[in-house]
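J.: Before anything else, here's the structure in question.
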Amino acid sequence: MPRALEPAEPILSAEGTPYSPRYDDVYHSTEGGLEQAHHVFLAGNALPQAWAGREQFVIIETGFGQGLNFLATWQAWRKDPQRCARLHFVSIEKHPFTRQGLAQLHARLEDLLPLAGQLQAAWPDALPGLHRLAFEDGGVILTLALGDIETMLPKLVAGADAFYLDGFSPARNADMWSPKVFRGLARLARPGATLATHTAAGFVRRGLKEAGFDARRAPGFGGKRHMTVATFRPAWKVRRHAPSPAADWQARHAIVIGAGLAGCAMTERLASRGWRVTLLDGHDGPARQTSSHRAAAMHAHISADDSLLSRLSRAGNQYALRGWAALAAAGHPVGWHGCGVLQIGENEAEAEAQRAALEALGLPESFVRWMTPTEAATHHGAGVPRGGLWFAQGGWVAPPDICNAQLRRAGDAVHARFGVRVDRIRRHDGAWEAIGQDGAILASAPVMVLANAHEAPRLAPMRHQVVRRVRGQLTTLSPEQVGALGQWPDCVVTGAGYLLPVAEDGSARVGSSYEADEGPLVARTAVHAENLERLAGLLPGASAGITSLDVHAMSGYVGVRTVSHNRLPLIGQMPDEAAAAAAAAALRGAHLRDIPRLPGLYAALAYASRGLTWAALGAELLVSQIEGEPLPLEADLADAVDPARLLLRALRHGQVIRAEEHSGGTSG
């Protein structure tokens, strides 16, 4: 479990330079931070010349500090007519400043103030993990890795073109300059990657050389005679699993099958990278199936051990909120209601476990804190039986509004074909083809994304990816029924079930069941009764009013969730099960990166009841894989959602013993 982050304080030295009492060192030269950034880091990496005309350029930095190097690089990118199409800046920081702290330090930046203001506005809470922030309509992408360098560096999945080594001096912060760190940088270095740092310490050059960098001294900045620059030129053959190069697609065209939350998010993210998208769906418009209901809640997941689910949930929540804000800023609001979410335990024992988890994690109160039942009743009208976790950034939204906003944002880049059912898919002449029921080719493209939930196993081999359908029913209470129950909360309340605030028409929703997918998708009276029992558990004061309600006269929404074996989604490149079976003996000790993949075929599936949480982040993860960009998730989290994870387990246990033919119509 990661330790809580300790924010840095905006303290100035006697000379007026940002200073860290923790390391007894300044953040940059007393002769000017911006000037140092230009001399040491940009010029030391031959920037901006090195990125000229490229589709993407990736910089990895050790030590974000107040962000001067990032701001200077961003400014240089803006001024350069030959700039790369996308600049990725990945930076590790153990002690991030708060937004207010950054504002204090940035106040004297003059020409950089407009950019600094944008950085401050997008600045995340001090939550461990990766935070992806986009600027310049996606032209500049900052990925902040908040945590200790020895923890975060091995979890980065990226191919670096340049490195900025900007930790405090080796004498004050030796952990930033260790052989382990240098080897970690080499693991991420693309051939010919450059490196620059203000230090001229001999052991740093020797450590870099041992890791495969050709390191040498160069003229330093200000009063420093020397600094260090380097180029990645290992004397040995680069290991088999080198960092991915930037993708070089001959035709930037993709097929997305499924127009729910997963498919529409994928369409928008591909369009943001300049792709044309053919979107196929069997219904008469977007968000007509599982994503069709008009109210769904979103909040993070908390566990004492900060489990994979909790970390993925936290990352997904943060990315979704930023993505929806960007849609709104572009003129496509999604109608997000950030009313907050109160999660209570089912009983006192579970409530105590919630409090213990909260104390153990030490997360910032702006993200989650404890709320007493008195506060819940007084400030939110929520007469809950016990206290719970308060997620101030949580709320609810109508999924179809998100889908429509994403498709509007994609604009002319998307060609949507509704009312067409894909009967099978196949790979032919280096492209994926979607075949209709009449045998006609509906679309052909080098990349295909399966975002069609439980329909996916019908199209592609998924013998080792277990998915099942789970039925869920919500109950809609009319304005009169809501009035009969007394005071109704103005926030989402969740526990053993959940309730949503009153909608504009005066109705409210309560749910939800989680049951086997059996019978027709119609509302059942018995399930309405169960939902009312859930409501009574959340709001005991409403029990008397509930008995007066006629469950036979109630209506509601019924949908089907697609769920994996461990309730984590399937997001990534699809495995080639036939090739894996043919090489099963050699793959007994394999890792996920060793699994053969179907070229150009990807999945965004099994989002269960967390489509709001995972759709946007899953789409960004997939488009990053397709483009060969830095991933927005740590390596272990990307592995946790990899569609090949159960195939890997079967190979390791010797359960894949013979080659099998492709099924589901993926013939080549």
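Order determines the names: the first chain of the structure tokens is A, the second B, and so forth; residues in each chain are numbered 1 upward, and ligands are numbered 1 upward as they are shown.
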Running DSSP on the backbone, which parts of range 361-603 of chain A land in helix (DSSP H, G or I), as a PyMOL selection string?

T.: chain A and resi 361+373-380+399-413+453-459+479-484+525-538+540-546+551-553+577-582+592-594

J.: Name all residues at most 7 Å from range 228-233 of chain A (count only C-alpha atoms; drop same-chain ones fewer than 2 positions away) and give them as a ChimeraX atom specification.

T.: /A:44,189,191-200,212-218,226,235

J.: Which residues in range 167-222 of chain A does DSSP call strand (DSSP E or B)? List them as an NGL selection string.

T.: :A and (189-197 or 213-219)

J.: Include N, CA and C atoms and write out the residues we just selected as a PDB file, in the first residue's frame.

T.:
ATOM      1  N   ALA A 189      14.380   4.077 -22.401  1.00  0.00           N
ATOM      2  CA  ALA A 189      15.028   4.875 -23.456  1.00  0.00           C
ATOM      3  C   ALA A 189      14.851   4.246 -24.833  1.00  0.00           C
ATOM      4  N   ARG A 190      14.365   5.043 -25.763  1.00  0.00           N
ATOM      5  CA  ARG A 190      14.372   4.639 -27.161  1.00  0.00           C
ATOM      6  C   ARG A 190      15.786   4.805 -27.713  1.00  0.00           C
ATOM      7  N   PRO A 191      16.130   4.106 -28.793  1.00  0.00           N
ATOM      8  CA  PRO A 191      17.470   4.255 -29.369  1.00  0.00           C
ATOM      9  C   PRO A 191      17.792   5.717 -29.658  1.00  0.00           C
ATOM     10  N   GLY A 192      18.943   6.175 -29.183  1.00  0.00           N
ATOM     11  CA  GLY A 192      19.366   7.542 -29.423  1.00  0.00           C
ATOM     12  C   GLY A 192      18.743   8.564 -28.497  1.00  0.00           C
ATOM     13  N   ALA A 193      18.001   8.118 -27.483  1.00  0.00           N
ATOM     14  CA  ALA A 193      17.400   9.064 -26.534  1.00  0.00           C
ATOM     15  C   ALA A 193      18.486   9.899 -25.873  1.00  0.00           C
ATOM     16  N   THR A 194      18.201  11.177 -25.660  1.00  0.00           N
ATOM     17  CA  THR A 194      19.159  12.084 -25.040  1.00  0.00           C
ATOM     18  C   THR A 194      18.803  12.315 -23.581  1.00  0.00           C
ATOM     19  N   LEU A 195      19.767  12.854 -22.839  1.00  0.00           N
ATOM     20  CA  LEU A 195      19.584  13.101 -21.408  1.00  0.00           C
ATOM     21  C   LEU A 195      20.388  14.333 -21.023  1.00  0.00           C
ATOM     22  N   ALA A 196      19.852  15.102 -20.093  1.00  0.00           N
ATOM     23  CA  ALA A 196      20.572  16.268 -19.584  1.00  0.00           C
ATOM     24  C   ALA A 196      20.256  16.449 -18.111  1.00  0.00           C
ATOM     25  N   THR A 197      21.267  16.920 -17.363  1.00  0.00           N
ATOM     26  CA  THR A 197      21.086  17.207 -15.949  1.00  0.00           C
ATOM     27  C   THR A 197      22.056  18.289 -15.526  1.00  0.00           C
ATOM     28  N   PHE A 213      24.292   4.644 -21.344  1.00  0.00           N
ATOM     29  CA  PHE A 213      24.323   6.003 -21.881  1.00  0.00           C
ATOM     30  C   PHE A 213      25.759   6.441 -22.143  1.00  0.00           C
ATOM     31  N   ASP A 214      25.969   7.121 -23.250  1.00  0.00           N
ATOM     32  CA  ASP A 214      27.248   7.771 -23.539  1.00  0.00           C
ATOM     33  C   ASP A 214      27.196   9.143 -22.873  1.00  0.00           C
ATOM     34  N   ALA A 215      27.748   9.256 -21.666  1.00  0.00           N
ATOM     35  CA  ALA A 215      27.632  10.473 -20.851  1.00  0.00           C
ATOM     36  C   ALA A 215      28.916  11.284 -20.901  1.00  0.00           C
ATOM     37  N   ARG A 216      28.777  12.592 -20.902  1.00  0.00           N
ATOM     38  CA  ARG A 216      29.936  13.469 -20.971  1.00  0.00           C
ATOM     39  C   ARG A 216      29.603  14.808 -20.308  1.00  0.00           C
ATOM     40  N   ARG A 217      30.627  15.563 -19.987  1.00  0.00           N
ATOM     41  CA  ARG A 217      30.418  16.895 -19.418  1.00  0.00           C
ATOM     42  C   ARG A 217      30.145  17.907 -20.525  1.00  0.00           C
ATOM     43  N   ALA A 218      29.411  18.946 -20.141  1.00  0.00           N
ATOM     44  CA  ALA A 218      29.114  20.050 -21.056  1.00  0.00           C
ATOM     45  C   ALA A 218      29.137  21.334 -20.231  1.00  0.00           C
ATOM     46  N   PRO A 219      29.252  22.495 -20.865  1.00  0.00           N
ATOM     47  CA  PRO A 219      29.272  23.757 -20.110  1.00  0.00           C
ATOM     48  C   PRO A 219      28.003  23.915 -19.272  1.00  0.00           C
TER      49      PRO A 219
END

J.: Quick one: residues within 7 Å of range 86-92 of chain A, only C-alpha atoms counted, chain neighbours fewer than 3 positions away excluded, as a list in words?

T.: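 Everything that qualifies: Glu55, Gln56, Phe57, Val58, Ile59, Ile60, Glu61, Thr62, Gly63, Phe64, Gly139, Val140, Ile141, Leu142, Thr143, Leu144, Ala145, Leu146, Gly147 and Ile149 of chain A.
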
J.: Return the single residue from A:Arg645, A:Arg322, A:His332, A:Arg610 that is closest to Ala262 in chain A, with distances computed using only C-alpha atoms.

T.: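 Checking each of A:Arg645, A:Arg322, A:His332, A:Arg610 against Ala262 in chain A, counting only C-alpha atoms, the winner is A:Arg610.
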
J.: Would you mind telling me which residue in A:His38, A:His299, A:Lys209, A:Arg276 lies nearest to Val414 in chain A when using only C-alpha atoms?

T.: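 Checking each candidate against Val414 in chain A, we get A:Arg276 as the closest.
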
J.: Pick the closest to Ala162 in chain A from A:Phe97, A:His283, A:Leu47, A:Leu68: which is it, counting only C-alpha atoms?

T.: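 With only C-alpha atoms as the atom set, the closest residue is A:Leu47.
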